[in-house]
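With mmCIF, C-alpha atoms inside, this is query.cif:
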```cif
data_input
#
loop_
_atom_site.label_atom_id
_atom_site.label_comp_id
_atom_site.auth_asym_id
_atom_site.auth_seq_id
_atom_site.Cartn_x
_atom_site.Cartn_y
_atom_site.Cartn_z
CA MET U 1 -13.57 4.89 -9.86
CA LYS U 2 -13.19 4.96 -6.06
CA GLU U 3 -9.82 3.84 -4.71
CA LEU U 4 -10.15 0.74 -2.55
CA SER U 5 -8.67 0.55 0.94
CA ASP U 6 -5.93 -1.93 1.79
CA GLU U 7 -8.47 -4.03 3.73
CA GLU U 8 -10.82 -4.25 0.73
CA ILE U 9 -7.91 -5.18 -1.52
CA ALA U 10 -6.68 -7.79 0.99
CA SER U 11 -10.08 -9.47 0.96
CA LYS U 12 -9.98 -9.80 -2.85
CA LEU U 13 -6.26 -10.40 -3.43
CA LYS U 14 -5.91 -14.15 -2.88
CA GLY U 15 -4.83 -17.33 -4.61
CA ASN U 16 -3.59 -17.02 -8.17
CA THR U 17 -4.31 -13.29 -8.28
CA LEU U 18 -1.92 -12.82 -5.36
CA ARG U 19 0.66 -14.97 -7.16
CA VAL U 20 0.33 -12.79 -10.28
CA TYR U 21 0.72 -9.66 -8.13
CA LEU U 22 3.85 -11.15 -6.55
CA ALA U 23 5.25 -11.90 -10.02
CA LEU U 24 4.70 -8.23 -10.91
CA LEU U 25 6.48 -7.15 -7.73
CA LYS U 26 9.41 -9.42 -8.58
CA SER U 27 9.67 -8.17 -12.15
CA LYS U 28 12.58 -5.93 -12.96
CA ASP U 29 10.68 -2.69 -13.50
CA GLY U 30 7.17 -3.59 -12.34
CA ILE U 31 6.08 -4.38 -15.89
CA ILE U 32 5.02 -7.81 -17.11
CA GLY U 33 3.18 -9.26 -20.08
CA VAL U 34 0.43 -11.86 -20.21
CA ARG U 35 2.67 -14.57 -21.70
CA GLU U 36 5.39 -13.91 -19.12
CA VAL U 37 2.85 -14.46 -16.34
CA GLN U 38 1.59 -17.61 -18.01
CA ARG U 39 5.10 -19.06 -18.28
CA ALA U 40 6.27 -17.94 -14.83
CA LEU U 41 3.23 -19.31 -13.00
CA LYS U 42 2.67 -22.27 -15.36
CA PHE U 43 -0.91 -21.31 -16.16
CA SER U 44 -2.73 -23.46 -18.71
CA SER U 45 -3.51 -20.53 -21.03
CA PRO U 46 -2.75 -16.86 -21.59
CA ALA U 47 -6.45 -16.15 -21.00
CA LEU U 48 -6.10 -17.25 -17.37
CA ALA U 49 -3.12 -14.95 -16.89
CA ALA U 50 -5.04 -12.08 -18.54
CA TYR U 51 -8.03 -12.75 -16.25
CA HIS U 52 -5.90 -12.31 -13.12
CA LEU U 53 -4.11 -9.26 -14.54
CA ASN U 54 -7.48 -7.68 -15.34
CA LYS U 55 -8.61 -8.46 -11.81
CA LEU U 56 -5.54 -6.58 -10.52
CA GLU U 57 -6.44 -3.70 -12.83
CA GLU U 58 -9.97 -3.59 -11.37
CA LEU U 59 -8.43 -3.40 -7.88
CA GLY U 60 -6.42 -0.37 -9.00
CA LEU U 61 -3.05 -2.06 -8.52
CA VAL U 62 -1.93 -2.16 -12.16
CA LYS U 63 -2.60 -0.32 -15.39
CA LYS U 64 -2.71 -1.86 -18.80
CA GLY U 65 -0.27 -0.67 -21.45
CA ASN U 66 -0.13 -1.71 -25.08
CA SER U 67 0.79 -5.33 -24.49
CA ASP U 68 1.77 -5.39 -20.85
CA TYR U 69 0.74 -4.40 -17.34
CA GLN U 70 2.53 -2.07 -14.93
CA ILE U 71 2.24 -1.73 -11.16
CA VAL U 72 0.77 1.61 -10.13
CA ARG U 73 0.14 0.86 -6.45
CA GLU U 74 1.98 -1.40 -4.04
CA VAL U 75 0.07 -2.85 -1.13
CA LYS U 76 1.21 -5.13 1.66
CA VAL U 77 -1.45 -7.75 2.18
CA GLY U 78 -1.37 -11.15 3.80
CA VAL U 79 2.05 -12.74 3.82
CA LEU U 80 3.48 -9.84 1.78
CA LYS U 81 3.48 -7.79 5.02
CA GLN U 82 6.38 -9.96 6.14
CA PHE U 83 8.55 -9.13 3.11
CA THR U 84 10.70 -6.20 2.08
CA LYS U 85 11.35 -5.45 -1.58
CA ILE U 86 14.93 -4.67 -2.55
CA GLY U 87 15.20 -4.22 -6.29
CA SER U 88 13.47 -7.24 -7.75
CA PHE U 89 14.09 -9.38 -4.65
CA MET U 90 11.45 -10.06 -2.02
CA LEU U 91 13.23 -10.80 1.27
CA PRO U 92 11.67 -11.71 4.62
CA ARG U 93 11.94 -8.85 7.13
CA TYR U 94 13.26 -11.31 9.69
CA LEU U 95 16.32 -11.92 7.52
CA PHE U 96 17.82 -8.60 8.61
CA TYR U 97 17.23 -9.32 12.30
CA ALA U 98 18.60 -12.86 11.96
CA SER U 99 21.72 -11.54 10.22
CA LEU U 100 22.26 -8.92 12.91
CA LEU U 101 21.88 -11.44 15.74
CA THR U 102 24.19 -13.91 13.97
CA THR U 103 26.83 -11.21 13.60
CA LEU U 104 26.51 -10.22 17.27
CA LEU U 105 26.75 -13.86 18.37
CA ALA U 106 29.85 -14.42 16.22
CA PHE U 107 31.44 -11.29 17.70
CA TYR U 108 30.57 -12.43 21.23
CA LEU U 109 32.14 -15.84 20.58
CA THR U 110 35.39 -14.20 19.44
CA GLN U 111 35.45 -12.16 22.67
CA PHE U 112 34.47 -15.03 24.98
CA LYS U 113 37.22 -15.25 27.59
CA GLU U 114 35.87 -16.02 31.05
CA VAL U 115 33.35 -18.69 31.97
CA ASN U 116 30.92 -17.50 34.63
CA PHE U 117 27.17 -17.28 35.15
CA TYR U 118 26.80 -14.08 33.11
CA SER U 119 28.89 -15.23 30.16
CA ILE U 120 27.00 -18.56 29.96
CA PHE U 121 23.67 -16.70 30.25
CA ALA U 122 24.67 -14.32 27.44
CA LEU U 123 25.82 -17.24 25.30
CA ILE U 124 22.58 -19.19 25.79
CA PHE U 125 20.51 -16.05 25.18
CA GLY U 126 22.47 -15.30 21.99
CA ILE U 127 22.17 -18.83 20.62
CA LEU U 128 18.43 -19.10 21.38
CA SER U 129 17.53 -15.68 19.98
CA THR U 130 19.59 -16.28 16.82
CA ALA U 131 18.02 -19.72 16.31
CA MET U 132 14.48 -18.36 16.80
CA MET U 133 15.07 -15.53 14.35
CA TRP U 134 16.44 -17.90 11.67
CA TYR U 135 13.48 -20.22 12.27
CA GLU U 136 11.04 -17.33 11.69
CA THR U 137 12.97 -16.22 8.60
CA ILE U 138 12.81 -19.68 7.03
CA ARG U 139 9.15 -20.16 8.02
CA THR U 140 8.22 -16.81 6.43
CA TRP U 141 10.22 -17.64 3.29
CA LEU U 142 8.36 -20.92 2.89
CA GLU U 143 4.97 -19.13 3.19
CA LYS U 144 5.76 -16.91 0.22
CA PRO U 145 3.08 -17.36 -2.44
#
```
What would you get if you wrote out this structure as structure tokens?
Amino acid sequence: MKELSDEEIASKLKGNTLRVYLALLKSKDGIIGVREVQRALKFSSPALAAYHLNKLEELGLVKKGNSDYQIVREVKVGVLKQFTKIGSFMLPRYLFYASLLTTLLAFYLTQFKEVNFYSIFALIFGILSTAMMWYETIRTWLEKP
């Protein structure tokens, strides 16, 4: 079977199938069973979970074991492009930038001694950039499927 490109996969990986794929990404070792998917995503039946897992298998993203499915290929499609996987956690990429800017702003505030045009400009720039980065982090987190 021909391996699909990321664009072809992105066009087919939507809705509940994307949610099932995300559940696989979040799983401890990239392995999940049909019943686990059904419970985690509150599907009405195991058959619905199996349907979406089989769809992922057809896309070449998972392989079927005895009673479970395992990720064989990770792709970044749609909103998943905005996330970084650390262990079983999916964190927005902006979280790292927001944390860095918050740390720099806190350090600047501890060193703030003289009030002049440049110090006020740096303070306003630091506050605005930190606020924008946290806004993007939260917005991305809320878009997670």
I need the output of the PyMOL selection byres ((chain U and resi 4) around 12) for this file as number ranges by chain; which residues are they? U: 1-3, 5-13, 56-61, 73, 75
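Using all atoms listed in the file, the nearest neighbour of Leu101 (chain U) within the list U:Phe43, U:Tyr69, U:Phe125, U:Tyr21 is U:Phe125.
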Carefully work through the PyMOL selection byres ((chain U and resi 132) around 12) for this structure and note down the residues it includes, as a ChimeraX atom specification. /U:94-95,97-99,101-102,125-131,133-139
Do you have the CA of Trp141 (chain U)-CA of Lys28 (chain U) distance handy? 20.2 Å
Using only C-alpha atoms, find the one residue out of U:Ser27, U:Thr17, U:Asn116, U:Gln111 that sits nearest to Asn54 (chain U).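 Closest residue, counting only C-alpha atoms: U:Thr17.
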With distances taken over all atoms listed in the file, which of U:Leu80, U:Ser67, U:Arg93, U:Val72 is nearest to Arg19 (chain U)?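 With all atoms listed in the file as the atom set, the closest residue is U:Leu80.
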Kindly indicate which residue among U:Leu24, U:Ala122, U:Leu41, U:Ala47 lies nearest to Glu74 (chain U), using all atoms listed in the file for the distances.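 Closest to Glu74 (chain U) of all the choices is U:Leu24.
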Which of these, U:Lys63, U:Lys76, U:Lys81, U:Lys55, has the shortest distance to Gly30 (chain U) once you count all atoms listed in the file?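 The closest residue to Gly30 (chain U) is U:Lys63.
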In terms of all atoms listed in the file, the residue from U:Leu105, U:Val79, U:Leu25, U:Val34 at minimal distance from Pro92 (chain U) is U:Val79
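Across the model, the gap from CA of Gly33 (chain U) to CA of Leu48 (chain U) is 12.5 Å.
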Quick one: residues within 12 Å of Ala23 (chain U), only C-alpha atoms counted, chain neighbours fewer than 5 positions away excluded, as a PyMOL selection string? chain U and resi 16-18+28-34+36-42+49+52-53+69-71+88-90+144-145
From CA of Glu143 (chain U) to CA of Lys14 (chain U) the spacing works out at 13.4 Å
Report the centre and edge lengths, in Å to one decimal, of an axis-aligned box enclosing every atom of region 133-138 of chain U listed in the file, padded by 6 Å on each side, as AutoDock Vina command-line options.
```
--center_x 13.7 --center_y -17.9 --center_z 10.7 --size_x 17.4 --size_y 16.7 --size_z 19.3
```
